[in-house]
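Source file target-v5.txt; content: compact mmCIF, C-alpha atoms.
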```txt
# COMPACT_ATOMS: atom_id res chain seq x y z
CA MET A 1 -0.60 25.32 -4.69
CA SER A 2 -3.77 23.49 -5.52
CA HIS A 3 -6.59 23.29 -3.08
CA PRO A 4 -9.08 20.46 -3.15
CA THR A 5 -12.35 21.35 -4.81
CA ARG A 6 -15.10 21.67 -2.27
CA ASN A 7 -17.34 18.60 -2.30
CA PRO A 8 -20.87 19.79 -3.22
CA LEU A 9 -22.20 16.64 -1.53
CA ALA A 10 -20.75 17.52 1.87
CA GLY A 11 -23.63 17.20 4.29
CA TYR A 12 -25.05 14.05 2.67
CA SER A 13 -24.20 10.70 4.23
CA ARG A 14 -21.23 8.94 2.68
CA GLU A 15 -23.55 6.19 1.51
CA LEU A 16 -25.74 8.67 -0.37
CA GLN A 17 -22.69 10.42 -1.82
CA THR A 18 -21.46 7.07 -3.10
CA ARG A 19 -24.80 6.25 -4.74
CA ILE A 20 -25.02 9.66 -6.41
CA LEU A 21 -21.49 9.31 -7.75
CA GLU A 22 -22.00 5.79 -9.05
CA ASN A 23 -25.24 6.88 -10.73
CA LEU A 24 -23.52 9.76 -12.52
CA LEU A 25 -20.59 7.62 -13.63
CA LEU A 26 -23.10 5.12 -15.02
CA GLU A 27 -24.89 7.87 -16.95
CA LYS A 28 -21.61 9.06 -18.39
CA GLY A 29 -20.55 5.58 -19.47
CA PHE A 30 -17.54 5.17 -17.16
CA LEU A 31 -19.28 2.25 -15.48
CA THR A 32 -21.88 -0.30 -16.54
CA PRO A 33 -24.39 -1.52 -13.95
CA GLU A 34 -22.34 -4.55 -12.95
CA THR A 35 -18.87 -2.93 -13.09
CA VAL A 36 -18.43 -2.22 -9.39
CA ASP A 37 -19.62 -5.68 -8.34
CA GLY A 38 -17.48 -7.25 -11.06
CA VAL A 39 -14.36 -5.38 -9.96
CA ASN A 40 -14.94 -6.28 -6.32
CA ARG A 41 -15.55 -9.91 -7.19
CA PHE A 42 -12.29 -9.92 -9.18
CA PHE A 43 -10.44 -8.73 -6.07
CA GLU A 44 -12.07 -11.32 -3.83
CA GLU A 45 -11.39 -14.18 -6.19
CA GLU A 46 -8.03 -13.33 -7.73
CA MET A 47 -6.34 -10.96 -5.30
CA ASN A 48 -6.74 -13.05 -2.21
CA PRO A 49 -4.29 -13.69 0.63
CA ILE A 50 -4.45 -17.41 -0.15
CA ASN A 51 -2.11 -16.56 -3.03
CA GLY A 52 0.54 -15.27 -0.66
CA ALA A 53 -0.07 -18.22 1.65
CA ARG A 54 0.70 -20.58 -1.25
CA VAL A 55 3.98 -18.78 -1.91
CA VAL A 56 4.89 -19.10 1.78
CA ALA A 57 3.96 -22.80 1.91
CA ARG A 58 5.99 -23.54 -1.22
CA ALA A 59 8.96 -21.65 0.22
CA TRP A 60 8.74 -23.72 3.41
CA VAL A 61 8.79 -27.06 1.62
CA ASP A 62 11.24 -26.16 -1.16
CA PRO A 63 14.43 -24.35 -0.07
CA ALA A 64 15.48 -23.77 -3.69
CA PHE A 65 12.16 -22.02 -4.37
CA LYS A 66 12.53 -19.99 -1.18
CA LYS A 67 15.83 -18.48 -2.23
CA ARG A 68 14.30 -17.17 -5.43
CA PRO A 69 11.25 -15.23 -4.20
CA LEU A 70 13.59 -13.42 -1.84
CA LEU A 71 14.97 -11.84 -4.97
CA ASP A 72 12.07 -11.69 -7.36
CA VAL A 73 8.61 -12.89 -6.47
CA ASN A 74 7.07 -12.16 -9.86
CA SER A 75 9.24 -14.59 -11.80
CA VAL A 76 8.62 -17.56 -9.48
CA ILE A 77 4.91 -17.26 -8.75
CA ARG A 78 4.07 -18.26 -12.32
CA GLU A 79 5.27 -21.76 -11.41
CA ILE A 80 2.38 -22.10 -8.99
CA GLY A 81 -0.12 -20.60 -11.39
CA LEU A 82 -0.14 -17.05 -10.04
CA SER A 83 0.69 -13.72 -11.63
CA GLY A 84 1.23 -10.11 -10.59
CA GLY A 85 -1.23 -7.41 -11.55
CA ILE A 86 -2.17 -4.01 -10.22
CA GLU A 87 -0.12 -3.07 -7.12
CA GLY A 88 2.00 -6.18 -7.55
CA GLU A 89 4.09 -5.34 -10.60
CA VAL A 90 7.31 -5.76 -8.58
CA MET A 91 7.13 -7.83 -5.40
CA THR A 92 9.89 -8.91 -3.03
CA ALA A 93 9.75 -11.47 -0.25
CA LEU A 94 11.47 -11.00 3.11
CA GLU A 95 12.35 -14.00 5.24
CA ASN A 96 11.81 -13.99 8.99
CA THR A 97 14.32 -16.08 10.98
CA ASP A 98 15.35 -16.53 14.62
CA ALA A 99 17.83 -13.65 14.10
CA VAL A 100 15.88 -11.18 11.92
CA HIS A 101 12.25 -10.09 12.01
CA ASN A 102 10.78 -8.10 9.11
CA VAL A 103 7.64 -5.97 9.35
CA VAL A 104 5.99 -3.98 6.54
CA VAL A 105 4.36 -0.53 6.57
CA CYS A 106 3.47 2.35 4.25
CA SER A 107 3.55 5.52 6.33
CA LEU A 108 2.52 7.75 3.40
CA CYS A 109 -0.61 5.84 2.42
CA SER A 110 -1.34 2.11 2.27
CA CYS A 111 0.87 0.49 -0.41
CA TYR A 112 0.49 -3.25 -0.23
CA ALA A 113 1.06 -6.35 -2.40
CA TRP A 114 -2.57 -6.73 -3.56
CA PRO A 115 -2.09 -9.80 -5.79
CA LEU A 116 -0.59 -11.89 -2.98
CA LEU A 117 -2.07 -10.34 0.17
CA GLY A 118 -5.48 -9.11 -1.00
CA LEU A 119 -6.56 -5.62 -0.03
CA PRO A 120 -5.02 -4.04 3.06
CA PRO A 121 -6.95 -4.46 6.33
CA VAL A 122 -8.13 -1.57 8.50
CA TRP A 123 -5.25 -1.84 10.98
CA TYR A 124 -2.57 -1.60 8.24
CA LYS A 125 -4.18 1.61 6.94
CA SER A 126 -4.66 3.11 10.41
CA THR A 127 -2.80 6.29 11.25
CA ALA A 128 -1.66 4.82 14.58
CA TYR A 129 0.09 1.84 12.99
CA ARG A 130 1.69 3.95 10.26
CA ALA A 131 2.87 6.60 12.71
CA ARG A 132 4.19 4.25 15.35
CA VAL A 133 5.68 1.15 13.73
CA VAL A 134 8.42 3.13 11.97
CA ARG A 135 9.73 4.36 15.35
CA GLU A 136 8.78 1.77 17.96
CA PRO A 137 8.24 -1.50 16.11
CA ARG A 138 8.89 -3.78 19.10
CA ARG A 139 6.26 -2.03 21.19
CA VAL A 140 3.67 -2.07 18.39
CA LEU A 141 4.34 -5.75 17.71
CA SER A 142 4.04 -6.50 21.41
CA GLU A 143 0.65 -4.75 21.53
CA LEU A 144 -0.41 -6.93 18.62
CA GLY A 145 0.63 -10.01 20.55
CA LEU A 146 4.14 -10.66 19.24
CA ASP A 147 6.96 -10.28 21.78
CA LEU A 148 10.41 -10.40 20.21
CA PRO A 149 13.57 -11.10 22.23
CA ASP A 150 16.08 -8.22 22.32
CA SER A 151 18.52 -10.42 20.42
CA VAL A 152 16.31 -10.30 17.31
CA GLU A 153 17.11 -7.58 14.78
CA VAL A 154 13.97 -5.77 13.63
CA ARG A 155 13.73 -4.46 10.08
CA VAL A 156 10.85 -2.15 9.24
CA TRP A 157 10.14 -1.93 5.51
CA GLU A 158 8.74 1.40 4.38
CA THR A 159 6.81 0.80 1.14
CA SER A 160 7.67 4.15 -0.40
CA GLY A 161 8.82 3.13 -3.89
CA HIS A 162 7.74 0.71 -6.61
CA VAL A 163 8.30 -2.53 -4.63
CA ARG A 164 5.57 -4.30 -2.68
CA TYR A 165 6.60 -6.68 0.12
CA ILE A 166 5.52 -10.04 1.46
CA VAL A 167 7.05 -11.58 4.58
CA ILE A 168 7.83 -15.29 4.63
CA PRO A 169 7.19 -16.08 8.29
CA LYS A 170 8.98 -18.77 10.26
CA ARG A 171 7.54 -22.22 9.75
CA PRO A 172 5.93 -23.34 13.01
CA ARG A 173 7.22 -26.36 14.84
CA GLY A 174 5.17 -29.53 14.57
CA THR A 175 4.35 -29.04 10.89
CA GLU A 176 7.00 -31.35 9.48
CA GLY A 177 5.56 -33.60 6.81
CA MET A 178 2.41 -31.48 6.45
CA SER A 179 1.07 -31.01 2.90
CA GLU A 180 1.61 -27.72 1.12
CA ASP A 181 -2.14 -27.01 1.08
CA ARG A 182 -2.44 -27.64 4.80
CA LEU A 183 0.58 -25.40 5.47
CA ALA A 184 -0.93 -22.64 3.33
CA SER A 185 -4.13 -22.79 5.39
CA LEU A 186 -2.15 -21.81 8.51
CA VAL A 187 -0.72 -18.61 7.00
CA THR A 188 -2.54 -15.36 7.80
CA PRO A 189 -2.22 -11.94 6.08
CA GLU A 190 -0.88 -10.57 9.38
CA ALA A 191 1.95 -13.13 9.33
CA MET A 192 2.77 -12.09 5.76
CA MET A 193 3.14 -8.47 6.93
CA GLY A 194 5.26 -9.44 9.90
CA VAL A 195 2.91 -8.47 12.73
CA SER A 196 2.27 -12.02 13.87
CA GLU A 197 3.81 -15.45 13.63
CA VAL A 198 2.21 -18.51 12.11
CA LYS A 199 0.75 -20.65 14.85
CA PHE A 200 0.07 -24.35 14.88
CA PHE A 201 -1.56 -26.17 17.75
CA PRO A 202 -1.48 -29.94 17.33
CA ARG A 203 -4.62 -31.63 18.63
CA MET B 1 4.13 21.09 5.03
CA LYS B 2 1.34 18.58 4.68
CA LEU B 3 0.42 16.41 7.63
CA PRO B 4 0.07 13.20 5.53
CA HIS B 5 3.75 13.52 4.50
CA PHE B 6 4.80 13.45 8.14
CA ILE B 7 2.68 10.69 9.68
CA GLY B 8 5.65 8.38 10.27
CA GLY B 9 6.99 9.04 13.78
CA LEU B 10 4.11 11.30 14.85
CA GLU B 11 3.52 10.73 18.56
CA GLY B 12 0.45 10.64 20.74
CA PHE B 13 -1.50 7.83 19.10
CA GLY B 14 -2.91 5.08 21.27
CA PRO B 15 -2.39 1.36 20.72
CA ALA B 16 -2.59 0.09 17.14
CA GLU B 17 -6.22 -0.82 16.39
CA PHE B 18 -6.31 -4.44 15.28
CA ASP B 19 -9.24 -4.67 12.89
CA PRO B 20 -8.61 -7.33 10.21
CA HIS B 21 -11.50 -6.26 7.95
CA VAL B 22 -10.87 -4.47 4.65
CA PHE B 23 -14.11 -2.47 4.63
CA LYS B 24 -16.09 -1.11 7.54
CA HIS B 25 -19.29 -0.28 5.59
CA PRO B 26 -20.81 -1.54 2.30
CA TRP B 27 -20.46 1.91 0.66
CA GLU B 28 -16.69 1.77 1.18
CA LYS B 29 -16.48 -1.31 -1.00
CA ARG B 30 -18.41 0.50 -3.74
CA VAL B 31 -16.09 3.51 -3.52
CA PHE B 32 -13.14 1.17 -3.87
CA GLY B 33 -14.70 -0.60 -6.87
CA MET B 34 -15.50 2.70 -8.60
CA ALA B 35 -12.10 4.23 -7.90
CA VAL B 36 -10.26 1.19 -9.23
CA ALA B 37 -12.53 0.92 -12.30
CA LEU B 38 -11.53 4.50 -13.10
CA PHE B 39 -7.80 3.72 -12.55
CA ALA B 40 -8.11 0.89 -15.07
CA GLN B 41 -9.61 3.27 -17.65
CA GLY B 42 -6.90 5.88 -17.20
CA ILE B 43 -9.40 8.41 -15.83
CA TRP B 44 -7.08 8.96 -12.88
CA THR B 45 -4.00 7.45 -11.26
CA GLY B 46 -2.83 6.41 -7.83
CA ALA B 47 -0.85 9.65 -7.76
CA ASP B 48 -4.07 11.62 -8.35
CA LEU B 49 -5.79 9.72 -5.55
CA ARG B 50 -2.95 10.43 -3.16
CA THR B 51 -2.61 14.07 -4.21
CA GLY B 52 -6.26 14.58 -3.28
CA ILE B 53 -5.88 12.80 0.04
CA GLU B 54 -2.69 14.66 0.88
CA GLY B 55 -4.50 17.93 0.13
CA LEU B 56 -7.16 17.38 2.79
CA GLU B 57 -7.33 19.62 5.81
CA PRO B 58 -5.25 18.00 8.58
CA LYS B 59 -8.28 17.79 10.86
CA ASP B 60 -10.31 15.95 8.19
CA TYR B 61 -7.37 13.68 7.33
CA LEU B 62 -7.15 12.46 10.93
CA GLU B 63 -10.88 12.28 11.64
CA TRP B 64 -12.11 10.66 8.46
CA GLY B 65 -12.04 6.96 7.69
CA TYR B 66 -9.76 5.62 5.00
CA TYR B 67 -12.42 5.36 2.29
CA GLU B 68 -13.92 8.72 3.22
CA ARG B 69 -10.58 10.15 2.10
CA TRP B 70 -10.78 8.13 -1.12
CA LEU B 71 -14.32 9.34 -1.83
CA GLU B 72 -13.39 12.96 -1.18
CA SER B 73 -10.32 12.69 -3.39
CA LEU B 74 -12.32 11.03 -6.18
CA VAL B 75 -15.03 13.71 -6.15
CA SER B 76 -12.35 16.40 -6.04
CA HIS B 77 -10.53 14.88 -9.05
CA LEU B 78 -13.68 14.45 -11.14
CA LEU B 79 -14.70 18.04 -10.46
CA GLY B 80 -11.18 19.41 -10.91
CA THR B 81 -10.78 17.76 -14.31
CA GLY B 82 -14.27 18.78 -15.45
CA ILE B 83 -15.46 15.17 -15.85
CA LEU B 84 -18.27 16.09 -13.49
CA LYS B 85 -19.78 19.50 -12.84
CA PRO B 86 -20.85 20.56 -9.35
CA GLU B 87 -24.45 21.08 -10.45
CA GLU B 88 -24.64 17.50 -11.76
CA LEU B 89 -23.95 16.16 -8.30
CA ILE B 90 -26.89 17.84 -6.63
CA GLY B 91 -30.55 17.02 -7.10
CA HIS B 92 -30.07 13.31 -7.72
CA GLU B 93 -31.44 11.91 -4.49
CA GLY B 94 -34.91 11.21 -5.88
CA LYS B 95 -34.00 8.80 -8.65
CA LEU B 96 -31.55 6.62 -6.78
CA SER B 97 -32.03 2.93 -6.34
CA PRO B 98 -30.96 1.42 -3.02
CA LEU B 99 -27.43 0.06 -2.73
CA ARG B 100 -27.41 -3.25 -4.51
CA GLU B 101 -26.47 -5.93 -2.03
CA LYS B 102 -27.00 -8.81 -4.41
CA GLU B 103 -24.27 -9.25 -6.97
CA ARG B 104 -24.98 -10.17 -10.56
CA ALA B 105 -23.95 -13.42 -12.17
CA PRO B 106 -20.54 -13.37 -13.89
CA THR B 107 -22.13 -14.15 -17.28
CA GLU B 108 -23.59 -10.63 -17.39
CA ILE B 109 -20.22 -8.88 -17.40
CA SER B 110 -20.09 -6.08 -19.99
CA PRO B 111 -17.21 -5.52 -22.46
CA LEU B 112 -16.25 -2.40 -20.47
CA THR B 113 -16.00 -4.38 -17.23
CA GLN B 114 -14.05 -7.11 -19.00
CA LYS B 115 -11.59 -4.52 -20.24
CA ILE B 116 -11.26 -3.02 -16.75
CA ILE B 117 -10.62 -6.41 -15.15
CA GLY B 118 -8.15 -7.28 -17.91
CA ASN B 119 -6.17 -4.12 -17.14
CA LEU B 120 -6.22 -4.81 -13.40
CA ARG B 121 -4.97 -8.35 -14.00
CA LYS B 122 -2.16 -7.04 -16.22
CA GLY B 123 -1.07 -4.24 -13.91
CA LYS B 124 0.95 -1.30 -15.14
CA SER B 125 4.71 -1.45 -15.08
CA VAL B 126 6.51 1.66 -13.88
CA GLN B 127 9.95 0.35 -14.88
CA ARG B 128 11.74 2.08 -17.77
CA ASP B 129 15.17 1.89 -19.38
CA ARG B 130 17.90 3.92 -17.77
CA SER B 131 19.06 7.02 -19.60
CA ALA B 132 22.00 7.59 -17.24
CA GLU B 133 24.05 5.57 -14.75
CA PRO B 134 22.83 5.70 -11.12
CA LEU B 135 24.59 8.36 -9.03
CA PHE B 136 25.10 6.08 -6.02
CA ARG B 137 26.55 2.61 -5.45
CA GLU B 138 25.69 -0.19 -3.07
CA GLY B 139 27.36 0.30 0.31
CA GLU B 140 27.64 4.08 -0.15
CA LYS B 141 26.50 6.41 2.62
CA VAL B 142 23.93 8.96 1.45
CA ALA B 143 21.89 11.76 2.95
CA VAL B 144 18.25 12.49 2.31
CA ARG B 145 17.79 15.91 0.74
CA GLN B 146 15.50 18.61 2.00
CA VAL B 147 13.62 18.56 -1.32
CA PRO B 148 11.04 21.30 -1.90
CA LEU B 149 7.69 20.63 -0.33
CA ALA B 150 5.16 19.35 -2.83
CA ASP B 151 1.44 18.61 -3.18
CA HIS B 152 2.34 14.95 -3.43
CA THR B 153 5.47 13.08 -2.44
CA ARG B 154 6.93 9.60 -1.99
CA LEU B 155 9.45 10.84 0.56
CA PRO B 156 8.38 10.06 4.13
CA GLY B 157 8.95 13.31 6.05
CA TYR B 158 10.85 11.72 8.94
CA LEU B 159 13.67 10.73 6.59
CA ARG B 160 14.49 14.30 5.58
CA GLY B 161 18.05 15.25 6.49
CA LYS B 162 18.89 11.74 7.77
CA SER B 163 21.70 9.54 6.51
CA GLY B 164 21.68 5.89 5.57
CA LEU B 165 23.46 3.24 3.55
CA ILE B 166 22.52 2.21 0.03
CA GLU B 167 21.66 -1.44 0.38
CA LYS B 168 20.45 -2.03 -3.15
CA VAL B 169 20.34 -0.24 -6.50
CA TYR B 170 17.24 -1.48 -8.33
CA PRO B 171 17.78 -2.33 -12.00
CA GLY B 172 16.40 0.14 -14.53
CA ALA B 173 14.65 3.40 -13.80
CA TYR B 174 11.18 4.06 -12.46
CA VAL B 175 8.47 6.59 -13.10
CA TYR B 176 5.99 7.83 -10.62
CA ALA B 177 3.14 9.36 -12.50
CA ASP B 178 1.87 12.90 -12.43
CA THR B 179 3.99 14.65 -9.87
CA GLY B 180 6.68 17.21 -10.38
CA ALA B 181 7.28 19.71 -7.67
CA ASP B 182 9.59 17.51 -5.62
CA GLY B 183 11.40 16.10 -8.65
CA LEU B 184 9.40 13.00 -9.49
CA GLY B 185 7.96 12.42 -12.92
CA ASN B 186 11.00 11.54 -14.98
CA PRO B 187 12.27 7.94 -14.90
CA GLN B 188 15.06 7.66 -12.35
CA PRO B 189 16.93 5.04 -10.32
CA VAL B 190 15.41 3.83 -7.07
CA TYR B 191 17.52 2.73 -4.11
CA ARG B 192 16.85 0.66 -1.04
CA VAL B 193 18.34 2.72 1.77
CA ARG B 194 18.97 1.33 5.25
CA PHE B 195 18.61 3.69 8.23
CA ASP B 196 19.57 2.94 11.82
CA SER B 197 16.73 3.64 14.23
CA LEU B 198 19.09 5.62 16.48
CA GLU B 199 20.00 7.88 13.53
CA LEU B 200 16.32 8.50 12.82
CA TRP B 201 14.99 8.89 16.33
CA GLY B 202 17.93 9.35 18.70
CA ASP B 203 17.10 8.24 22.23
CA ARG B 204 13.53 7.56 21.20
CA GLY B 205 14.65 4.90 18.74
CA GLY B 206 15.61 1.31 19.51
CA LYS B 207 18.72 -0.84 19.37
CA LYS B 208 19.01 -3.50 16.69
CA GLU B 209 16.23 -1.79 14.77
CA PHE B 210 16.55 -0.64 11.19
CA LEU B 211 14.27 1.02 8.68
CA LEU B 212 14.54 0.25 4.99
CA ALA B 213 12.96 2.62 2.51
CA ASP B 214 12.84 2.58 -1.29
CA LEU B 215 13.82 6.09 -2.34
CA TYR B 216 13.90 7.83 -5.71
CA GLU B 217 17.27 9.25 -6.69
CA THR B 218 16.06 12.83 -6.60
CA TYR B 219 15.59 12.49 -2.83
CA LEU B 220 19.24 11.62 -2.17
CA GLU B 221 22.60 13.40 -2.12
CA PRO B 222 26.15 12.35 -1.23
CA PHE B 223 26.85 12.26 2.51
CA TRP B 224 29.49 14.72 3.81
CA GLU B 225 30.87 14.49 7.34
CA LYS B 226 30.05 17.69 9.21
CA GLY B 227 32.86 19.99 10.37
```

Rewrite the structure from the file as structure tokens, please.
Amino acid sequence: MSHPTRNPLAGYSRELQTRILENLLLEKGFLTPETVDGVNRFFEEEMNPINGARVVARAWVDPAFKKRPLLDVNSVIREIGLSGGIEGEVMTALENTDAVHNVVVCSLCSCYAWPLLGLPPVWYKSTAYRARVVREPRRVLSELGLDLPDSVEVRVWETSGHVRYIVIPKRPRGTEGMSEDRLASLVTPEAMMGVSEVKFFPR
Amino acid sequence: MKLPHFIGGLEGFGPAEFDPHVFKHPWEKRVFGMAVALFAQGIWTGADLRTGIEGLEPKDYLEWGYYERWLESLVSHLLGTGILKPEELIGHEGKLSPLREKERAPTEISPLTQKIIGNLRKGKSVQRDRSAEPLFREGEKVAVRQVPLADHTRLPGYLRGKSGLIEKVYPGAYVYADTGADGLGNPQPVYRVRFDSLELWGDRGGKKEFLLADLYETYLEPFWEKG
């Protein structure tokens, strides 16, 4: 059995360890000076939860479109100018209804549909969420502010294979006739993981 | 047994911490950027990252932040593969510039960075052609095998020995890079298996609650009624 190699930098702050490592990788030609910033900017600009929000908004206004991402997200997102990419090679959408509530987790690590949801937030990666939501999803959801009636079936999706999931939340009441862009602006990453609902408060 | 393979269902944690940020500190973002830039060059894989994390001491795994585990795994991989030598890592403090807060303009992007971003945008398909028919059919009841323990796995520990229904047979076969001990590595069918919460957790589960997991064929066997 392998054992992790002892980190010779143990004892330095994580920030200093990071700088030392980046410096060495630069020297060895695995990075150029702007690589890390460039990669991070790519994630902010192209792997942003607004992408998932656009899929949700389109699904809300177009029932024919909605049926298709439930099967295969990757083939339909091209129609709205999006594509897959790393950690989104195969994506599936799950529809929340009055009868069924879907919630997504990766108990082994943090697998997540990067191209549509962006990078996973701290809570999704936390040990508490990963440990608990697979066993007591209603309680965890309630702690996060979402109380589900007992009549609702809860499905917890364990992201353990090649598929990455996005939840299509219920469309909130009072949004009839709203533009797709406006609808997309209401959709949060948390709603697309099934830990909250989309809220709309008319003025 | 490795703690990270058995996180699901572990009791004693407090309420789920609801922090919507991706990074807690600026260095974490740099670790992420570096790690992903090395994925895109084939220097390491997600399986390597996870193998390193899953190899941490249980105490460290629980105490450390998410990107501390990434950093530790990255250093461990670079040393383990000889890309870096331990002596290269020490004695560098003097010539380090401060963390760059200000990002450069996009026009300055190097060919290497362009190639990295191109690979990230493309992704990397893990789907392959099938060499054999899947062993199980939709609607069939299956049991999760007690596969040998491994340095790295895609089988959540709490599913071991439990039974569920095949809800979907994914088309094609799938690889999961760089593992072997628990049977992964060769392309194989993947199934969506549906488990009843009461089967998984008994009295500590909940009614009208189901867990769906995508499981590689090597983790499954036919279900036989006991007795």

Handout entry: Shell around Ser163 of chain B at 12 Å using all atoms listed in the file, local window under 5 positions removed, as number ranges by chain
Key = B: 140-146, 158, 193-201, 211-213, 219-226

Exercise for the section: Considering all atoms listed in the file, return as a list in words whatever protein or nucleic-acid residues lie within 10 Å of Pro189 of chain A, sequence-local ones (same chain, fewer than 6 positions apart) excluded. Expected result: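 In the requested format, the answer is Asn48, Pro49, Ile50, Gly52, Ala53, Leu116, Leu117, Gly118, Leu119, Pro120, Pro121, Ile166, Val167, Val195, Ser196 and Val198 of chain A; Pro20 of chain B.
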
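Closest to chain A among B:Gly91, B:Gly33, B:Gly12, B:Gly42 is B:Gly33, based on all atoms listed in the file.
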
Handout entry: atom CA of Val152 of chain A to atom CA of Pro172 of chain A, straight-line distance in Å
Key =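 That distance, rounded to one decimal, is 17.2 Å.
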
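Rounded to one decimal, atom CA of Leu149 of chain B and atom CA of Glu57 of chain B lie 16.3 Å from each other.
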
Problem - Straight-line distance linking atom CA of Leu215 of chain B with atom CA of Gly139 of chain B, stated in Å to one decimal - result: 15.0 Å

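Among the candidates B:Glu209, B:Leu10, B:Leu3, B:Pro156, the residue lying nearest to Asp60 of chain B is B:Leu3 (atoms considered: all atoms listed in the file).
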